[in-house]
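Just below is one structure, and these are the notes that go with it.
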Amino acid sequence: MQRGNQTQITEFIILGFSDYPDLQILLFMVFLCIYLVTLMGNLTILTLMYVDSHLHTPMYFFLCNLGILDVCLTSCTLPKMLSIFLMDNKRISFVGCITQLYLLMSFSGVEGYLLTAMAFDRYVAICNPLRYSLIMNKRVCALLSANSWVIGFLDVLPHSLSISYSSFCGHNMIDHLFCDFQSMLQLSCSDNSAVKLLMNTLNLTLAMVCIVLILTSYSYIISSILKMQSVKGRYKVFSTCSSHLTIVSMYYGSAIFVYLTPISESEKSVHKLLDASYSTLIPMLNPIIYSLRNKDIKAALKKGMEGRTGG
């Protein structure tokens, strides 16, 4: 570090749960299990979708994107967290921290856009079933998927750039489990009022657009379901989008709770745990929810296991 009027920080120290040294091994085991289950669950789903031709449909194409995203999201935070818990390896370079911050925000944003695209897919499948294959063709699916990834990586670029060009004063200790945007803003001695306004405005606007589109899709879906005469038919149709609706509720419900709940000094540890759970538990639960509630995936899994046993 070079010292003068300001401190040129070349690395950060991620504190994690340094106040609880006796819990480090337990935390390591818990988050290691979460990481392994996430990898195994999502990679299993991805493999099934690749080998089973019955799963080569738009809905599973988007689910495949979600599986890749979940693996990437957990992989940009959990390996470092595990090294902190097990080996007390708390140091991270300035570039590494900015990179982790950018990837974390990007992947989190991409998930919201993918869930919006999946809501549109369910709307077309239920409200326009005869034109489903025509509307949701390969080109449209690829376009919706590509837009989700591109917008997700572009809309957080101003936040990451503003932090990377900020000046940092005093200590370089991040009181979190990973490089978090709010934690890094607190370390900066630059005037970040404009950055905070930009971040809040942009994030709120994009989130509201996604929420409105999802709610609009489901309003049409529910309207179509209610018009059906058969109760069994209603249940069968609604079950095709129940997994997606569950994940949407988890994603936005957790985000609202984590990012809009005021943090007191005494609740910092709880908030860190909840924030980590938001970026690790949801990716772990996504394949489980789709596997438990989806007959096609359960059938493909059963077929794969029987083929392996038979071989």
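FYI, nothing fancy with the structure tokens labels: chains A, B, ... in order, residues from 1 per chain, ligands from 1 as they appear.
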Set the distance at 7 Å and use only C-alpha atoms: which residues neighbour range 236-251 of chain A once local chain neighbours fewer than 5 positions away are removed? I'd like the list as a list in words. Leu115, Arg122, Asn286, Ile289, Tyr290 and Arg293 of chain A
Excluding Leu157 in chain A and residues on its chain fewer than 5 positions from it, collect all residues at most 9 Å away from it, counting only C-alpha atoms, and give them as an MDAnalysis selection string. chainID A and resid 102 106 162
Mind dumping the selected residues with C-alpha atoms as a PDB file, in the first residue's frame?
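Result written to result-v8.pdb:
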ATOM      1  CA  TYR A 102     -19.226  -7.857 -10.937  1.00  0.00           C
ATOM      2  CA  SER A 106     -24.377 -10.003 -13.083  1.00  0.00           C
ATOM      3  CA  SER A 162     -17.724   3.223 -10.261  1.00  0.00           C
TER       4      SER A 162
END
So which residues touch Asp180 in chain A within 12 Å, counting only C-alpha atoms, skipping near sequence neighbours fewer than 2 positions away, as a ChimeraX atom specification? /A:12,14-16,77,97-105,159-160,163,173-178,182-187,259,272,275-276,279
Go ahead and save the picked residues with C-alpha atoms, as a PDB file, in the first residue's frame.
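Final output, saved to out27.pdb:
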ATOM      1  CA  PHE A  12      -9.050  -6.519   0.750  1.00  0.00           C
ATOM      2  CA  ILE A  14     -12.937 -10.512   3.911  1.00  0.00           C
ATOM      3  CA  LEU A  15     -13.785 -10.907   7.585  1.00  0.00           C
ATOM      4  CA  GLY A  16     -16.498 -13.558   7.207  1.00  0.00           C
ATOM      5  CA  THR A  77     -18.488 -16.943  -4.138  1.00  0.00           C
ATOM      6  CA  CYS A  97     -12.681  -8.481  -5.437  1.00  0.00           C
ATOM      7  CA  ILE A  98     -14.024  -6.251  -8.225  1.00  0.00           C
ATOM      8  CA  THR A  99     -14.312  -9.294 -10.498  1.00  0.00           C
ATOM      9  CA  GLN A 100     -16.215 -11.259  -7.855  1.00  0.00           C
ATOM     10  CA  LEU A 101     -18.503  -8.294  -7.219  1.00  0.00           C
ATOM     11  CA  TYR A 102     -19.226  -7.857 -10.937  1.00  0.00           C
ATOM     12  CA  LEU A 103     -19.917 -11.564 -11.530  1.00  0.00           C
ATOM     13  CA  LEU A 104     -22.114 -11.868  -8.447  1.00  0.00           C
ATOM     14  CA  MET A 105     -24.280  -8.899  -9.434  1.00  0.00           C
ATOM     15  CA  HIS A 159     -21.804  -0.064 -10.558  1.00  0.00           C
ATOM     16  CA  SER A 160     -18.639  -2.144 -10.922  1.00  0.00           C
ATOM     17  CA  ILE A 163     -16.395   1.068  -7.423  1.00  0.00           C
ATOM     18  CA  MET A 173     -11.589  -5.024   5.800  1.00  0.00           C
ATOM     19  CA  ILE A 174     -14.889  -6.107   4.211  1.00  0.00           C
ATOM     20  CA  ASP A 175     -17.336  -7.116   6.928  1.00  0.00           C
ATOM     21  CA  HIS A 176     -19.053  -9.732   4.797  1.00  0.00           C
ATOM     22  CA  LEU A 177     -18.596 -13.239   3.370  1.00  0.00           C
ATOM     23  CA  PHE A 178     -17.688 -11.971  -0.089  1.00  0.00           C
ATOM     24  CA  GLN A 182     -22.780  -2.039  -0.048  1.00  0.00           C
ATOM     25  CA  SER A 183     -19.798  -3.155   2.052  1.00  0.00           C
ATOM     26  CA  MET A 184     -17.351  -1.762  -0.489  1.00  0.00           C
ATOM     27  CA  LEU A 185     -19.252   1.532  -0.684  1.00  0.00           C
ATOM     28  CA  GLN A 186     -18.765   1.904   3.055  1.00  0.00           C
ATOM     29  CA  LEU A 187     -14.972   1.548   2.621  1.00  0.00           C
ATOM     30  CA  TYR A 259     -31.750  -5.867   0.402  1.00  0.00           C
ATOM     31  CA  LYS A 272     -24.467 -11.823   6.311  1.00  0.00           C
ATOM     32  CA  ASP A 275     -27.235 -12.680   2.167  1.00  0.00           C
ATOM     33  CA  ALA A 276     -25.041 -15.741   1.661  1.00  0.00           C
ATOM     34  CA  SER A 279     -26.826 -16.481  -3.349  1.00  0.00           C
TER      35      SER A 279
END
Mind checking which residues fall within 8 Å of range 201-211 of chain A, counting only C-alpha atoms, ignoring those fewer than 3 positions away in the same chain, and posting them as a CSV table (one decimal) with all heavy atoms, in the first residue's frame?
chain,number,residue,atom,x,y,z
A,112,GLY,N,-33.0,-13.0,-12.8
A,112,GLY,CA,-34.3,-12.3,-12.9
A,112,GLY,C,-34.8,-12.2,-14.3
A,112,GLY,O,-36.0,-12.4,-14.5
A,113,TYR,N,-34.0,-12.0,-15.2
A,113,TYR,CA,-34.4,-11.9,-16.6
A,113,TYR,C,-34.8,-13.2,-17.2
A,113,TYR,O,-35.7,-13.3,-18.0
A,113,TYR,CB,-33.2,-11.2,-17.5
A,113,TYR,CG,-32.8,-9.9,-17.0
A,113,TYR,CD1,-31.5,-9.6,-16.8
A,113,TYR,CD2,-33.8,-8.9,-16.6
A,113,TYR,CE1,-31.1,-8.3,-16.3
A,113,TYR,CE2,-33.4,-7.7,-16.1
A,113,TYR,CZ,-32.1,-7.4,-16.0
A,113,TYR,OH,-31.7,-6.2,-15.5
A,116,THR,N,-38.2,-14.1,-16.1
A,116,THR,CA,-39.2,-13.3,-16.9
A,116,THR,C,-39.4,-14.0,-18.2
A,116,THR,O,-40.6,-14.1,-18.6
A,116,THR,CB,-38.7,-11.9,-17.1
A,116,THR,OG1,-38.4,-11.3,-15.8
A,116,THR,CG2,-39.7,-11.1,-17.8
A,155,ASP,N,-26.1,-4.2,-17.3
A,155,ASP,CA,-26.8,-3.3,-16.4
A,155,ASP,C,-26.0,-3.1,-15.1
A,155,ASP,O,-26.3,-2.1,-14.4
A,155,ASP,CB,-28.2,-3.7,-16.1
A,155,ASP,CG,-28.3,-5.0,-15.3
A,155,ASP,OD1,-27.3,-5.5,-14.9
A,155,ASP,OD2,-29.5,-5.4,-15.1
A,197,LEU,N,-27.6,6.5,-6.1
A,197,LEU,CA,-28.8,6.9,-6.8
A,197,LEU,C,-29.0,6.1,-8.1
A,197,LEU,O,-30.0,5.6,-8.4
A,197,LEU,CB,-28.8,8.4,-7.0
A,197,LEU,CG,-30.1,9.0,-7.7
A,197,LEU,CD1,-31.3,8.7,-6.9
A,197,LEU,CD2,-29.9,10.5,-8.0
A,198,LEU,N,-27.9,6.0,-8.8
A,198,LEU,CA,-27.9,5.3,-10.1
A,198,LEU,C,-28.2,3.8,-9.9
A,198,LEU,O,-29.1,3.3,-10.6
A,198,LEU,CB,-26.5,5.4,-10.8
A,198,LEU,CG,-26.3,4.6,-12.0
A,198,LEU,CD1,-27.3,5.0,-13.1
A,198,LEU,CD2,-24.9,4.6,-12.5
A,214,ILE,N,-43.9,-10.5,-15.4
A,214,ILE,CA,-44.2,-11.8,-14.8
A,214,ILE,C,-45.7,-11.8,-14.3
A,214,ILE,O,-46.4,-12.8,-14.6
A,214,ILE,CB,-43.3,-12.1,-13.7
A,214,ILE,CG1,-41.9,-12.4,-14.2
A,214,ILE,CG2,-43.8,-13.4,-12.9
A,214,ILE,CD1,-40.8,-12.6,-13.1
A,215,LEU,N,-46.1,-10.8,-13.6
A,215,LEU,CA,-47.4,-10.7,-13.1
A,215,LEU,C,-48.5,-10.6,-14.2
A,215,LEU,O,-49.5,-11.2,-14.2
A,215,LEU,CB,-47.6,-9.4,-12.2
A,215,LEU,CG,-46.9,-9.5,-10.9
A,215,LEU,CD1,-47.1,-8.2,-10.1
A,215,LEU,CD2,-47.4,-10.7,-10.0
Best match for closeness to Tyr60 in chain A among A:Thr216, A:Leu23, A:Cys141, A:Gly109, counting only C-alpha atoms: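 Using only C-alpha atoms, the shortest distance to Tyr60 in chain A belongs to A:Cys141.
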Could you name the residues that touch range 36-45 of chain A at 8 Å or less, counting only C-alpha atoms, but leaving out those on the same chain fewer than 2 positions away, as a list of chain:residue names?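 Counting only C-alpha atoms, the residues come to A:Leu32, A:Cys33, A:Ile34, A:Thr47, A:Leu48, A:Met49, A:Cys64, A:Gly67, A:Ile68, A:Asp70, A:Val71, A:Thr74, A:Pro283, A:Met284, A:Leu285, A:Pro287, A:Ile288, A:Ile297.
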Those residues you just picked out, can you put them in a file as an mmCIF file, in the first residue's frame with C-alpha atoms?
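Printed below is part.cif as written:
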data_model
loop_
_atom_site.group_PDB
_atom_site.id
_atom_site.type_symbol
_atom_site.label_atom_id
_atom_site.label_comp_id
_atom_site.auth_asym_id
_atom_site.auth_seq_id
_atom_site.Cartn_x
_atom_site.Cartn_y
_atom_site.Cartn_z
ATOM 1 C CA LEU A 32 -19.430 -27.386 1.284
ATOM 2 C CA CYS A 33 -22.562 -29.563 1.345
ATOM 3 C CA ILE A 34 -24.576 -26.734 -0.224
ATOM 4 C CA THR A 47 -27.097 -33.958 -18.399
ATOM 5 C CA LEU A 48 -30.687 -35.241 -18.531
ATOM 6 C CA MET A 49 -31.711 -32.398 -20.818
ATOM 7 C CA CYS A 64 -30.854 -25.438 -18.858
ATOM 8 C CA GLY A 67 -28.858 -24.560 -14.318
ATOM 9 C CA ILE A 68 -25.718 -23.125 -15.929
ATOM 10 C CA ASP A 70 -26.789 -21.441 -10.775
ATOM 11 C CA VAL A 71 -23.470 -23.269 -11.120
ATOM 12 C CA THR A 74 -22.323 -20.329 -6.545
ATOM 13 C CA PRO A 283 -29.299 -22.194 -6.750
ATOM 14 C CA MET A 284 -29.295 -25.394 -4.681
ATOM 15 C CA LEU A 285 -33.094 -25.543 -4.406
ATOM 16 C CA PRO A 287 -33.085 -28.221 -9.492
ATOM 17 C CA ILE A 288 -34.706 -29.910 -6.472
ATOM 18 C CA ILE A 297 -37.611 -34.773 -15.394
#
So that I can check the surroundings of Asp296 in chain A, please list as a PyMOL selection string every protein, DNA and RNA residue that reaches within 8 Å of it, counting only C-alpha atoms and ignoring chain neighbours fewer than 2 positions away. chain A and resi 54-55+294+298-300
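You can rank A:Met87, A:Val212, A:Leu134, A:Ile282 by their closest distance to Tyr35 in chain A using only C-alpha atoms, and at the top of that list sits A:Ile282.
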DSSP strand (DSSP E) selection over range 4-230 of chain A, as a VMD selection string: chain A and resid 7 to 8 11 to 14 91 to 93 173 to 174
For the residues in the current selection, export N, CA, C and O atoms as a PDB file, in the first residue's frame.
ATOM      1  N   THR A   7      -5.223   6.144   0.865  1.00  0.00           N
ATOM      2  CA  THR A   7      -4.567   4.847   0.847  1.00  0.00           C
ATOM      3  C   THR A   7      -4.891   4.133  -0.451  1.00  0.00           C
ATOM      4  O   THR A   7      -6.061   3.957  -0.779  1.00  0.00           O
ATOM      5  N   GLN A   8      -3.866   3.742  -1.168  1.00  0.00           N
ATOM      6  CA  GLN A   8      -4.059   2.990  -2.406  1.00  0.00           C
ATOM      7  C   GLN A   8      -4.141   1.512  -2.041  1.00  0.00           C
ATOM      8  O   GLN A   8      -3.129   0.869  -1.779  1.00  0.00           O
ATOM      9  N   GLU A  11      -5.408  -4.831  -1.966  1.00  0.00           N
ATOM     10  CA  GLU A  11      -6.116  -6.048  -1.577  1.00  0.00           C
ATOM     11  C   GLU A  11      -7.105  -5.742  -0.464  1.00  0.00           C
ATOM     12  O   GLU A  11      -7.018  -4.715   0.205  1.00  0.00           O
ATOM     13  N   PHE A  12      -8.059  -6.638  -0.316  1.00  0.00           N
ATOM     14  CA  PHE A  12      -9.050  -6.519   0.750  1.00  0.00           C
ATOM     15  C   PHE A  12      -8.954  -7.751   1.645  1.00  0.00           C
ATOM     16  O   PHE A  12      -8.427  -8.796   1.249  1.00  0.00           O
ATOM     17  N   ILE A  13      -9.487  -7.606   2.847  1.00  0.00           N
ATOM     18  CA  ILE A  13      -9.577  -8.726   3.785  1.00  0.00           C
ATOM     19  C   ILE A  13     -11.057  -8.974   4.064  1.00  0.00           C
ATOM     20  O   ILE A  13     -11.753  -8.098   4.585  1.00  0.00           O
ATOM     21  N   ILE A  14     -11.536 -10.155   3.687  1.00  0.00           N
ATOM     22  CA  ILE A  14     -12.937 -10.512   3.911  1.00  0.00           C
ATOM     23  C   ILE A  14     -13.049 -11.138   5.298  1.00  0.00           C
ATOM     24  O   ILE A  14     -12.517 -12.226   5.547  1.00  0.00           O
ATOM     25  N   ARG A  91      -7.613 -12.968   2.480  1.00  0.00           N
ATOM     26  CA  ARG A  91      -7.119 -11.935   1.566  1.00  0.00           C
ATOM     27  C   ARG A  91      -7.617 -12.175   0.143  1.00  0.00           C
ATOM     28  O   ARG A  91      -7.659 -13.311  -0.330  1.00  0.00           O
ATOM     29  N   ILE A  92      -7.980 -11.096  -0.517  1.00  0.00           N
ATOM     30  CA  ILE A  92      -8.380 -11.153  -1.918  1.00  0.00           C
ATOM     31  C   ILE A  92      -7.864  -9.879  -2.593  1.00  0.00           C
ATOM     32  O   ILE A  92      -7.931  -8.785  -2.015  1.00  0.00           O
ATOM     33  N   SER A  93      -7.308 -10.021  -3.777  1.00  0.00           N
ATOM     34  CA  SER A  93      -6.746  -8.864  -4.467  1.00  0.00           C
ATOM     35  C   SER A  93      -7.846  -7.875  -4.865  1.00  0.00           C
ATOM     36  O   SER A  93      -9.030  -8.232  -4.931  1.00  0.00           O
ATOM     37  N   MET A 173     -10.884  -3.826   5.342  1.00  0.00           N
ATOM     38  CA  MET A 173     -11.589  -5.024   5.800  1.00  0.00           C
ATOM     39  C   MET A 173     -13.068  -4.981   5.410  1.00  0.00           C
ATOM     40  O   MET A 173     -13.795  -4.058   5.781  1.00  0.00           O
ATOM     41  N   ILE A 174     -13.497  -5.989   4.645  1.00  0.00           N
ATOM     42  CA  ILE A 174     -14.889  -6.107   4.211  1.00  0.00           C
ATOM     43  C   ILE A 174     -15.633  -6.977   5.211  1.00  0.00           C
ATOM     44  O   ILE A 174     -15.331  -8.166   5.352  1.00  0.00           O
TER      45      ILE A 174
END
Counting only C-alpha atoms, which of A:Phe17, A:Tyr220, A:Tyr132, A:Tyr123 gets nearest to Lys90 in chain A? A:Phe17
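Between CA of Gln229 in chain A and CA of Ala125 in chain A lies a distance of 18.3 Å.
Pairwise distance (CA of Leu82 in chain A, CA of Phe28 in chain A) equals 5.6 Å.
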